[in-house]
$ cat structure-v6.pdb   # PDB, C-alpha atoms
MODEL        1
ATOM      1  CA  MET K   5      16.985 -13.587 -43.623
ATOM      2  CA  PRO K   6      15.728 -16.389 -41.421
ATOM      3  CA  PHE K   7      14.380 -18.471 -44.350
ATOM      4  CA  SER K   8      17.475 -18.307 -46.547
ATOM      5  CA  GLU K   9      19.436 -20.678 -44.301
ATOM      6  CA  LEU K  10      18.783 -23.964 -42.564
ATOM      7  CA  HIS K  11      21.012 -24.469 -39.520
ATOM      8  CA  GLY K  12      23.508 -22.017 -40.996
ATOM      9  CA  VAL K  13      23.613 -23.667 -44.436
ATOM     10  CA  PRO K  14      22.221 -21.602 -47.325
ATOM     11  CA  VAL K  15      19.098 -23.180 -48.828
ATOM     12  CA  ALA K  16      20.562 -22.655 -52.319
ATOM     13  CA  ILE K  17      23.567 -24.827 -51.430
ATOM     14  CA  ILE K  18      21.238 -27.539 -50.137
ATOM     15  CA  GLY K  19      19.412 -27.445 -53.483
ATOM     16  CA  VAL K  20      22.584 -27.593 -55.568
ATOM     17  CA  VAL K  21      23.948 -30.526 -53.550
ATOM     18  CA  GLY K  22      20.573 -32.291 -53.768
ATOM     19  CA  TYR K  23      20.387 -31.937 -57.548
ATOM     20  CA  PHE K  24      24.009 -33.075 -57.860
ATOM     21  CA  MET K  25      23.300 -36.190 -55.787
ATOM     22  CA  LEU K  26      20.190 -37.014 -57.818
ATOM     23  CA  GLY K  27      22.223 -36.679 -60.999
ATOM     24  CA  ALA K  28      25.048 -38.819 -59.639
ATOM     25  CA  LEU K  29      22.646 -41.600 -58.633
ATOM     26  CA  ALA K  30      20.452 -41.433 -61.755
ATOM     27  CA  GLY K  31      20.372 -44.536 -63.904
ATOM     28  CA  ARG K  32      21.924 -46.813 -61.288
ATOM     29  CA  PHE K  33      19.900 -46.580 -58.098
ATOM     30  CA  CYS K  34      16.309 -45.980 -59.209
ATOM     31  CA  ARG K  35      14.645 -46.333 -55.819
ATOM     32  CA  MET K  36      17.241 -44.112 -54.158
ATOM     33  CA  VAL K  37      16.679 -41.404 -56.777
ATOM     34  CA  ALA K  38      12.915 -41.674 -56.255
ATOM     35  CA  LEU K  39      13.343 -41.328 -52.495
ATOM     36  CA  GLY K  40      15.747 -38.393 -52.895
ATOM     37  CA  ALA K  41      13.372 -36.696 -55.332
ATOM     38  CA  LEU K  42      10.500 -37.201 -52.885
ATOM     39  CA  LEU K  43      12.540 -35.610 -50.090
ATOM     40  CA  GLY K  44      13.493 -32.773 -52.444
ATOM     41  CA  MET K  45       9.841 -32.279 -53.359
ATOM     42  CA  VAL K  46       8.802 -32.095 -49.704
ATOM     43  CA  PHE K  47      11.593 -29.600 -49.003
ATOM     44  CA  ALA K  48      10.636 -27.503 -52.032
ATOM     45  CA  LEU K  49       6.945 -27.570 -51.065
ATOM     46  CA  ARG K  50       7.852 -26.303 -47.612
ATOM     47  CA  LEU K  51       9.829 -23.436 -49.153
ATOM     48  CA  THR K  52       6.944 -22.690 -51.522
ATOM     49  CA  TRP K  53       4.564 -22.568 -48.555
ATOM     50  CA  ILE K  54       6.903 -20.090 -46.839
ATOM     51  CA  GLU K  55       6.902 -17.931 -49.970
ATOM     52  CA  TRP K  56       3.121 -18.034 -50.245
ATOM     53  CA  ARG K  57       1.993 -17.677 -46.631
ATOM     54  CA  LEU K  58       4.792 -15.947 -44.762
ATOM     55  CA  LEU K  59       6.811 -13.883 -47.235
ATOM     56  CA  GLN K  60       3.942 -13.252 -49.679
ATOM     57  CA  VAL K  61       6.387 -12.944 -52.549
ATOM     58  CA  TRP K  62       7.303 -15.359 -55.346
ATOM     59  CA  CYS K  63      10.809 -16.182 -56.480
ATOM     60  CA  MET K  64      10.778 -17.308 -60.105
ATOM     61  CA  TYR K  65      13.904 -19.401 -59.564
ATOM     62  CA  CYS K  66      12.204 -21.180 -56.679
ATOM     63  CA  VAL K  67       9.053 -21.828 -58.700
ATOM     64  CA  GLY K  68      11.211 -23.141 -61.545
ATOM     65  CA  SER K  69      13.052 -25.412 -59.140
ATOM     66  CA  GLN K  70       9.700 -26.660 -57.815
ATOM     67  CA  VAL K  71       8.657 -27.623 -61.354
ATOM     68  CA  ILE K  72      12.004 -29.307 -62.039
ATOM     69  CA  ILE K  73      11.928 -31.408 -58.859
ATOM     70  CA  ALA K  74       8.307 -32.391 -59.588
ATOM     71  CA  VAL K  75       9.305 -33.614 -63.066
ATOM     72  CA  ILE K  76      12.318 -35.462 -61.635
ATOM     73  CA  LEU K  77      10.063 -37.093 -59.024
ATOM     74  CA  VAL K  78       7.553 -38.305 -61.624
ATOM     75  CA  LEU K  79      10.302 -39.645 -63.898
ATOM     76  CA  ALA K  80      12.101 -41.295 -60.967
ATOM     77  CA  LEU K  81       8.901 -42.984 -59.783
ATOM     78  CA  VAL K  82       8.214 -44.293 -63.289
ATOM     79  CA  GLN K  83      11.780 -45.609 -63.566
ATOM     80  CA  ALA K  84      11.634 -47.198 -60.095
ATOM     81  CA  TYR K  85       8.348 -48.887 -61.008
ATOM     82  CA  ARG K  86       9.812 -50.179 -64.256
ATOM     83  CA  SER K  87      12.891 -51.515 -62.482
ATOM     84  CA  VAL K  88      10.700 -53.420 -60.024
ATOM     85  CA  ASP K  89       8.782 -54.944 -62.948
ATOM     86  CA  SER K  90      12.012 -55.962 -64.684
ATOM     87  CA  ASP K  91      13.281 -57.589 -61.468
ATOM     88  CA  VAL K  92      10.192 -59.811 -61.350
ATOM     89  CA  ILE K  93      10.501 -61.043 -64.932
TER      90      ILE K  93
ENDMDL
END
$ encode --input "structure-v6.pdb" --output "structure tokens"
Amino acid sequence: MPFSELHGVPVAIIGVVGYFMLGALAGRFCRMVALGALLGMVFALRLTWIEWRLLQVWCMYCVGSQVIIAVILVLALVQAYRSVDSDVI
């Protein structure tokens, strides 16, 4: 399928590596995690758009991943904001 790979790399592998990197950076590099989560959210939104408009079918795993990356993004932004506040004090 043309949407299951990006430049020959399976989209699922990209997701697994992305989540692994977010987990590895969590707690130490707050702004980097927030940026990575934002990129992951944009990527997931693009895939969701493809599901909705082009494929017209929903993958429950993909929707679940969309929710998870949205929660990670919100938590990462809150943590990044708090770390900026603590740097000022």
$ axis_aligned_box --input "structure-v6.pdb" --around "segment 29-39 of chain K" --padding-each-side "4 Å" --output "AutoDock Vina command-line options"
--center_x 17.8 --center_y -44.1 --center_z -58.2 --size_x 17.7 --size_y 13.5 --size_z 19.4
$ atom_distance --input "structure-v6.pdb" --atom1 "atom CA of Ala80 of chain K" --atom2 "atom CA of Val37 of chain K"
6.2 Å
$ atom_distance --input "structure-v6.pdb" --atom1 "atom CA of Trp53 of chain K" --atom2 "atom CA of Leu26 of chain K"
23.2 Å
$ resolve_selection --input "structure-v6.pdb" --expression "the PyMOL selection byres ((chain K and resi 14-22) around 10)" --output "VMD selection string"
chain K and resid 7 to 13 23 to 28 40 to 41 43 to 44 47 to 48 51 66 69
$ write_last_selection --input "structure-v6.pdb" --atoms "C-alpha atoms" --output "mmCIF file, keeping the file's coordinate frame"
data_model
loop_
_atom_site.group_PDB
_atom_site.id
_atom_site.type_symbol
_atom_site.label_atom_id
_atom_site.label_comp_id
_atom_site.auth_asym_id
_atom_site.auth_seq_id
_atom_site.Cartn_x
_atom_site.Cartn_y
_atom_site.Cartn_z
ATOM 1 C CA PHE K 7 14.380 -18.471 -44.350
ATOM 2 C CA SER K 8 17.475 -18.307 -46.547
ATOM 3 C CA GLU K 9 19.436 -20.678 -44.301
ATOM 4 C CA LEU K 10 18.783 -23.964 -42.564
ATOM 5 C CA HIS K 11 21.012 -24.469 -39.520
ATOM 6 C CA GLY K 12 23.508 -22.017 -40.996
ATOM 7 C CA VAL K 13 23.613 -23.667 -44.436
ATOM 8 C CA TYR K 23 20.387 -31.937 -57.548
ATOM 9 C CA PHE K 24 24.009 -33.075 -57.860
ATOM 10 C CA MET K 25 23.300 -36.190 -55.787
ATOM 11 C CA LEU K 26 20.190 -37.014 -57.818
ATOM 12 C CA GLY K 27 22.223 -36.679 -60.999
ATOM 13 C CA ALA K 28 25.048 -38.819 -59.639
ATOM 14 C CA GLY K 40 15.747 -38.393 -52.895
ATOM 15 C CA ALA K 41 13.372 -36.696 -55.332
ATOM 16 C CA LEU K 43 12.540 -35.610 -50.090
ATOM 17 C CA GLY K 44 13.493 -32.773 -52.444
ATOM 18 C CA PHE K 47 11.593 -29.600 -49.003
ATOM 19 C CA ALA K 48 10.636 -27.503 -52.032
ATOM 20 C CA LEU K 51 9.829 -23.436 -49.153
ATOM 21 C CA CYS K 66 12.204 -21.180 -56.679
ATOM 22 C CA SER K 69 13.052 -25.412 -59.140
#
$ atom_distance --input "structure-v6.pdb" --atom1 "atom CA of Arg35 of chain K" --atom2 "atom CA of Val75 of chain K"
15.6 Å
$ resolve_selection --input "structure-v6.pdb" --expression "the PyMOL selection byres ((chain K and resi 78) around 12)" --output "PDB file with C-alpha atoms, in the frame of the given file"
ATOM      1  CA  CYS K  34      16.309 -45.980 -59.209  1.00  0.00           C
ATOM      2  CA  VAL K  37      16.679 -41.404 -56.777  1.00  0.00           C
ATOM      3  CA  ALA K  38      12.915 -41.674 -56.255  1.00  0.00           C
ATOM      4  CA  LEU K  39      13.343 -41.328 -52.495  1.00  0.00           C
ATOM      5  CA  GLY K  40      15.747 -38.393 -52.895  1.00  0.00           C
ATOM      6  CA  ALA K  41      13.372 -36.696 -55.332  1.00  0.00           C
ATOM      7  CA  LEU K  42      10.500 -37.201 -52.885  1.00  0.00           C
ATOM      8  CA  MET K  45       9.841 -32.279 -53.359  1.00  0.00           C
ATOM      9  CA  VAL K  71       8.657 -27.623 -61.354  1.00  0.00           C
ATOM     10  CA  ILE K  72      12.004 -29.307 -62.039  1.00  0.00           C
ATOM     11  CA  ILE K  73      11.928 -31.408 -58.859  1.00  0.00           C
ATOM     12  CA  ALA K  74       8.307 -32.391 -59.588  1.00  0.00           C
ATOM     13  CA  VAL K  75       9.305 -33.614 -63.066  1.00  0.00           C
ATOM     14  CA  ILE K  76      12.318 -35.462 -61.635  1.00  0.00           C
ATOM     15  CA  LEU K  77      10.063 -37.093 -59.024  1.00  0.00           C
ATOM     16  CA  LEU K  79      10.302 -39.645 -63.898  1.00  0.00           C
ATOM     17  CA  ALA K  80      12.101 -41.295 -60.967  1.00  0.00           C
ATOM     18  CA  LEU K  81       8.901 -42.984 -59.783  1.00  0.00           C
ATOM     19  CA  VAL K  82       8.214 -44.293 -63.289  1.00  0.00           C
ATOM     20  CA  GLN K  83      11.780 -45.609 -63.566  1.00  0.00           C
ATOM     21  CA  ALA K  84      11.634 -47.198 -60.095  1.00  0.00           C
ATOM     22  CA  TYR K  85       8.348 -48.887 -61.008  1.00  0.00           C
TER      23      TYR K  85
END
$ closest_residue --input "structure-v6.pdb" --among "K:Leu29, K:Arg86, K:Gln70, K:Leu58" --to "Val46 of chain K" --atoms "all atoms listed in the file"
K:Gln70
$ build_atoms --input "structure-v6.pdb" --residues "segment 15-27 of chain K" --atoms "N, CA and C atoms" --output "short mmCIF file (atom, residue, chain, number, x, y, z; two decimals), keeping the file's coordinate frame"
data_model
loop_
_atom_site.label_atom_id
_atom_site.label_comp_id
_atom_site.auth_asym_id
_atom_site.auth_seq_id
_atom_site.Cartn_x
_atom_site.Cartn_y
_atom_site.Cartn_z
N VAL K 15 20.06 -22.30 -48.18
CA VAL K 15 19.10 -23.18 -48.83
C VAL K 15 19.52 -23.45 -50.28
N ALA K 16 20.11 -22.46 -50.94
CA ALA K 16 20.56 -22.66 -52.32
C ALA K 16 21.63 -23.74 -52.41
N ILE K 17 22.52 -23.79 -51.44
CA ILE K 17 23.57 -24.83 -51.43
C ILE K 17 22.94 -26.20 -51.22
N ILE K 18 21.95 -26.27 -50.36
CA ILE K 18 21.24 -27.54 -50.14
C ILE K 18 20.62 -28.02 -51.45
N GLY K 19 20.02 -27.10 -52.20
CA GLY K 19 19.41 -27.44 -53.48
C GLY K 19 20.44 -27.92 -54.49
N VAL K 20 21.54 -27.21 -54.60
CA VAL K 20 22.58 -27.59 -55.57
C VAL K 20 23.14 -28.98 -55.23
N VAL K 21 23.42 -29.22 -53.97
CA VAL K 21 23.95 -30.53 -53.55
C VAL K 21 22.90 -31.62 -53.81
N GLY K 22 21.64 -31.32 -53.53
CA GLY K 22 20.57 -32.29 -53.77
C GLY K 22 20.46 -32.66 -55.23
N TYR K 23 20.46 -31.66 -56.11
CA TYR K 23 20.39 -31.94 -57.55
C TYR K 23 21.62 -32.71 -58.01
N PHE K 24 22.78 -32.36 -57.50
CA PHE K 24 24.01 -33.08 -57.86
C PHE K 24 23.91 -34.55 -57.46
N MET K 25 23.42 -34.80 -56.26
CA MET K 25 23.30 -36.19 -55.79
C MET K 25 22.29 -36.97 -56.62
N LEU K 26 21.17 -36.34 -56.97
CA LEU K 26 20.19 -37.01 -57.82
C LEU K 26 20.81 -37.36 -59.17
N GLY K 27 21.56 -36.43 -59.72
CA GLY K 27 22.22 -36.68 -61.00
C GLY K 27 23.27 -37.77 -60.91
#
